[in-house]
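Engineer: First the structure, then my questions, so here it is.
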Amino acid sequence: MRRLLVLGAGTAGTMAVNKLRPLLAEDEWDITIVDQSEEHHYQPGYLFIPFGWYRPEQIVKPRKRLITRGVTQLTGEVDWVDTDANLVPLADGTELPYDQLIIATGTHPTPSETPGLAEPNARERGVHSFYTLDDAVALRDAMQRFDGGRLVVNLIDLPIKCPVAPLEFAFLVEAWLHERGLRESTEVIYVTPLDGAFTKPLAAKELGGMFTERGIDLEPDFMLEQVDLEEQCLVSYDERVVPFDLLVTIPINRGAAFVARSGLGDELDHGRVDKHTFLADGLDDVFALGDAANLPTSKAGSVAHFSLDVFVENFLRHIDGLEMHERFDGHANCFIESGYGKAMLLDFNYDTEPLTGTFPFPEVGPLKLLAENDANHWGKLAFRWIYWHLLLPGRPLPLHADMSMIGKDRPAMPDPDPEAEQAPRRTSALMEVSM
């Protein structure tokens with residue numbers, strides 16, 4: 001009997017066992033999944049808790065109900081991974097052997113990485129977040145008490161899970177302030193270490209324009225050194241200061257500590273893997289999936305979905321001793337709630353930045369890329385049902401794992417250089433071949 005061990009029962013881990021169990025003969029493969037919690041959270045819902053859109057019970061379900069039959073479920077904390085002995089010791093002393101291992105323990109906010117954030121009185125001094133359910137509920141209560149002042153949204157550093165969520169919060173809270181009659185008495189400031197609102201030029205330009213239209217101040221290139229609770233302000237390494245009455249911050253995200261203890265992680269404890277196959281560096285029996293992997297793309301549920309479609313076929317070939325010929329292209333898409341009943345959609349991969357256009361069908365859409373409409377908003381809200389009933393169970397969705405250019409507007413090419421036009425035709429021909 002061969003043994004597949006999966007560490008983490010979040011999105012990627014749950015999808016992995018639900019997709020693989022029907023494909024691996026039960027008399028040949030034992031599948032075990034381990035997680036610290038017996039609950040599964042729909043994490044995109046955290047964003048909506050502060051605004052009263054969701055109640056906590058709407059985004060939490062028992063983990064055991066979401067995992068298919070034929071998979072052994074264990075609750076425990078992973079101590080480390082012994083890759084020499086193919087063994088995973090748990091904190092309680094249990095030892096779990098494996099023939100193939102999947103690390104899917106995600107990434108997590110770590111307030112202790114930033115001076116001031118983990119202090120016991122941080123919430124009393126107006127410091128909040130929404131990256132855990134407990135934090136989102138506390139922020140909801142703080143917002144109900146808020147009556148105006150300086151509201152600061154702060155991205156400390158990347159990577160984080162759902163990297164557009166801080167932007168979404170800024171747009172949603174601006175609209176929420178209007179609804180409550182507090183917009184005129186509130187200054188909204190978005191503080192980021194980036195040089196703009198987003199990492200990719202076209203998206204950054206569009207989102208930056210929305211900030212301007214809505215009167216959200218942007219404080220770029222802000223590398224946070226500490227949160228000064230006494231003075232209620234952010235302090236950067238270059239000694240800039242941003243005061244706040246209510247701070248909504250996104251702590252530094254790190255992978256599971258056992259990944260570092262096992263020598264499998266990067267500087268933020270995310271598993272070092274091949275970005276196309278998810279196989280751990282230097283190993284042939286360990287994979288890292290979803291947010292647990294150091295993929296150079298968004299840490300988002302869509303990445304888990306698209307990458308799992310690639311991973312399953314590769315894994316089946318891999319265990320048969322065959323070459324993994326499928327290659328993940330970094331495909332990600334994500335909705336950005338922009339308030340006032342509208343949202344925009346981004347679709348991109350390792351090599352192509354978010355572009356304008358329509359999705360999933362050219363001209364028809366109905367979703368617009370890099371532009372606001374109400375269809376995108378309803379698509380975002382509909383995703384909760386899709387997540388519970390289609391995505392987690394591993395059922396096929398009508399979206400290809402690879403990103404498609406269908407419906408996208410290709411960026412305009414720069415005007416040709418007049419001097420280049422006079423170059424010999426042979427040079428131009430070589431350029432055409434290379435393209």
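Note on naming: chains are A, B, ... as they come in the structure tokens, residues start from 1 per chain, ligands start from 1 in the order shown.
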What's around A:Val78 at 9 Å? Count only C-alpha atoms, leave out sequence neighbours fewer than 3 positions away in its own chain, and write the answer as a list in words.
Structural biologist: Leu7, Val34, Asp35, Gln36, Val81, Val88, Pro89, Leu90, Ala91, Asp92 and Phe258 of chain A
Engineer: Can you list, as JSON, numbers by chain, every protein, DNA or RNA residue that comes within 12 Å of A:Asp134 when you count only C-alpha atoms, leaving out same-chain residues fewer than 2 positions away?
Structural biologist: {"A": [41, 43, 46, 47, 49, 50, 55, 56, 123, 128, 129, 130, 131, 132, 136, 137, 138, 139, 140, 141]}
Engineer: Write out, as a Markdown table, each residue of stretch 35-106 of chain A that has an atom at most 12 Å from stretch 264-271 of chain A, together with the closest pair of atoms and their distance in Å to one decimal, counting only C-alpha atoms, rows going by chain and rising number.
Structural biologist:
```
| residue | atom | partner | partner_atom | distance |
| --- | --- | --- | --- | --- |
| A:Trp80 | CA | A:Leu264 | CA | 10.0 |
| A:Val81 | CA | A:Leu264 | CA | 8.7 |
| A:Asp82 | CA | A:Leu264 | CA | 10.4 |
| A:Thr83 | CA | A:Leu264 | CA | 9.4 |
| A:Ile102 | CA | A:Gly271 | CA | 10.5 |
| A:Ile103 | CA | A:Gly271 | CA | 7.9 |
| A:Ala104 | CA | A:Gly271 | CA | 9.4 |
| A:Thr105 | CA | A:His270 | CA | 9.3 |
| A:Gly106 | CA | A:His270 | CA | 8.2 |
```
Engineer: Would you mind exporting the chosen residues as a PDB file, in the first residue's frame, restricted to C-alpha atoms?
Structural biologist:
```pdb
ATOM      1  CA  TRP A  80       8.518  18.948  10.937  1.00  0.00           C
ATOM      2  CA  VAL A  81       9.118  16.913   7.799  1.00  0.00           C
ATOM      3  CA  ASP A  82      11.908  14.326   7.809  1.00  0.00           C
ATOM      4  CA  THR A  83      12.551  14.047   4.078  1.00  0.00           C
ATOM      5  CA  ILE A 102       1.739  17.436  -0.406  1.00  0.00           C
ATOM      6  CA  ILE A 103       2.304  20.566   1.682  1.00  0.00           C
ATOM      7  CA  ALA A 104      -0.797  22.760   1.526  1.00  0.00           C
ATOM      8  CA  THR A 105      -0.635  24.634   4.825  1.00  0.00           C
ATOM      9  CA  GLY A 106      -1.133  28.059   3.281  1.00  0.00           C
TER      10      GLY A 106
END
```
Engineer: Please identify all polymer residues within 12 Å of stretch 229-239 of chain A, counting only C-alpha atoms, omitting same-chain residues fewer than 3 positions from it, and present them as a PDB file with C-alpha atoms, in the first residue's frame.
Structural biologist:
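In the end it all went to result-v3.pdb:
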```pdb
ATOM      1  CA  THR A 114       6.030  44.255  12.945  1.00  0.00           C
ATOM      2  CA  PRO A 115       6.744  46.198  16.161  1.00  0.00           C
ATOM      3  CA  GLY A 116       3.493  47.391  17.717  1.00  0.00           C
ATOM      4  CA  LEU A 117       1.057  45.100  15.907  1.00  0.00           C
ATOM      5  CA  ALA A 118       1.098  42.217  18.373  1.00  0.00           C
ATOM      6  CA  GLU A 119       0.812  44.323  21.512  1.00  0.00           C
ATOM      7  CA  PRO A 120      -2.141  43.407  23.794  1.00  0.00           C
ATOM      8  CA  ASN A 121      -3.573  46.936  23.606  1.00  0.00           C
ATOM      9  CA  ALA A 122      -3.287  47.308  19.810  1.00  0.00           C
ATOM     10  CA  ARG A 123      -7.036  47.090  19.206  1.00  0.00           C
ATOM     11  CA  GLU A 124      -7.705  49.588  21.973  1.00  0.00           C
ATOM     12  CA  ARG A 125      -5.433  51.998  20.126  1.00  0.00           C
ATOM     13  CA  GLY A 126      -7.362  51.624  16.862  1.00  0.00           C
ATOM     14  CA  VAL A 127      -5.279  48.913  15.165  1.00  0.00           C
ATOM     15  CA  HIS A 128      -7.280  46.304  13.260  1.00  0.00           C
ATOM     16  CA  ARG A 150      -8.274  59.477   9.709  1.00  0.00           C
ATOM     17  CA  LEU A 151      -8.914  55.963   8.414  1.00  0.00           C
ATOM     18  CA  VAL A 152      -5.718  54.352   7.150  1.00  0.00           C
ATOM     19  CA  VAL A 153      -5.496  51.144   5.101  1.00  0.00           C
ATOM     20  CA  ASN A 154      -1.955  49.770   5.228  1.00  0.00           C
ATOM     21  CA  LEU A 155      -0.319  47.048   3.158  1.00  0.00           C
ATOM     22  CA  ILE A 156       2.922  46.223   4.959  1.00  0.00           C
ATOM     23  CA  ILE A 189      -5.396  57.047   3.189  1.00  0.00           C
ATOM     24  CA  TYR A 190      -3.963  53.978   1.451  1.00  0.00           C
ATOM     25  CA  VAL A 191      -0.383  53.305   2.563  1.00  0.00           C
ATOM     26  CA  THR A 192       1.681  50.863   0.515  1.00  0.00           C
ATOM     27  CA  PRO A 193       5.324  49.857  -0.006  1.00  0.00           C
ATOM     28  CA  GLU A 219       1.004  57.122   0.268  1.00  0.00           C
ATOM     29  CA  PRO A 220       3.405  55.037  -1.883  1.00  0.00           C
ATOM     30  CA  ASP A 221       6.915  53.660  -1.239  1.00  0.00           C
ATOM     31  CA  PHE A 222       6.148  53.443   2.474  1.00  0.00           C
ATOM     32  CA  MET A 223       8.296  50.772   4.114  1.00  0.00           C
ATOM     33  CA  LEU A 224       6.786  50.329   7.566  1.00  0.00           C
ATOM     34  CA  GLU A 225       9.223  50.170  10.488  1.00  0.00           C
ATOM     35  CA  GLN A 226       6.728  50.202  13.352  1.00  0.00           C
ATOM     36  CA  VAL A 242       1.119  58.680   8.999  1.00  0.00           C
ATOM     37  CA  PRO A 243      -1.284  59.316  11.913  1.00  0.00           C
ATOM     38  CA  PHE A 244      -4.512  57.324  12.195  1.00  0.00           C
ATOM     39  CA  ASP A 245      -7.706  57.138  14.209  1.00  0.00           C
ATOM     40  CA  LEU A 246      -8.598  53.749  12.741  1.00  0.00           C
ATOM     41  CA  LEU A 247      -5.894  51.591  11.162  1.00  0.00           C
ATOM     42  CA  VAL A 248      -6.757  48.619   8.959  1.00  0.00           C
ATOM     43  CA  THR A 249      -3.472  46.870   8.353  1.00  0.00           C
TER      44      THR A 249
END
```
Engineer: Near A:Gly215, within 8 Å and counting only C-alpha atoms, which residues show up once chain neighbours fewer than 3 positions away are dropped, as a VMD selection string?
Structural biologist: chain A and resid 188 211 to 212
Engineer: Go ahead and write the selection's residues with C-alpha atoms as an mmCIF file, in the first residue's frame.
Structural biologist:
```
data_model
loop_
_atom_site.group_PDB
_atom_site.id
_atom_site.type_symbol
_atom_site.label_atom_id
_atom_site.label_comp_id
_atom_site.auth_asym_id
_atom_site.auth_seq_id
_atom_site.Cartn_x
_atom_site.Cartn_y
_atom_site.Cartn_z
ATOM 1 C CA VAL A 188 -9.090 57.806 3.778
ATOM 2 C CA PHE A 211 -8.298 56.461 -5.959
ATOM 3 C CA THR A 212 -8.193 59.984 -7.345
#
```
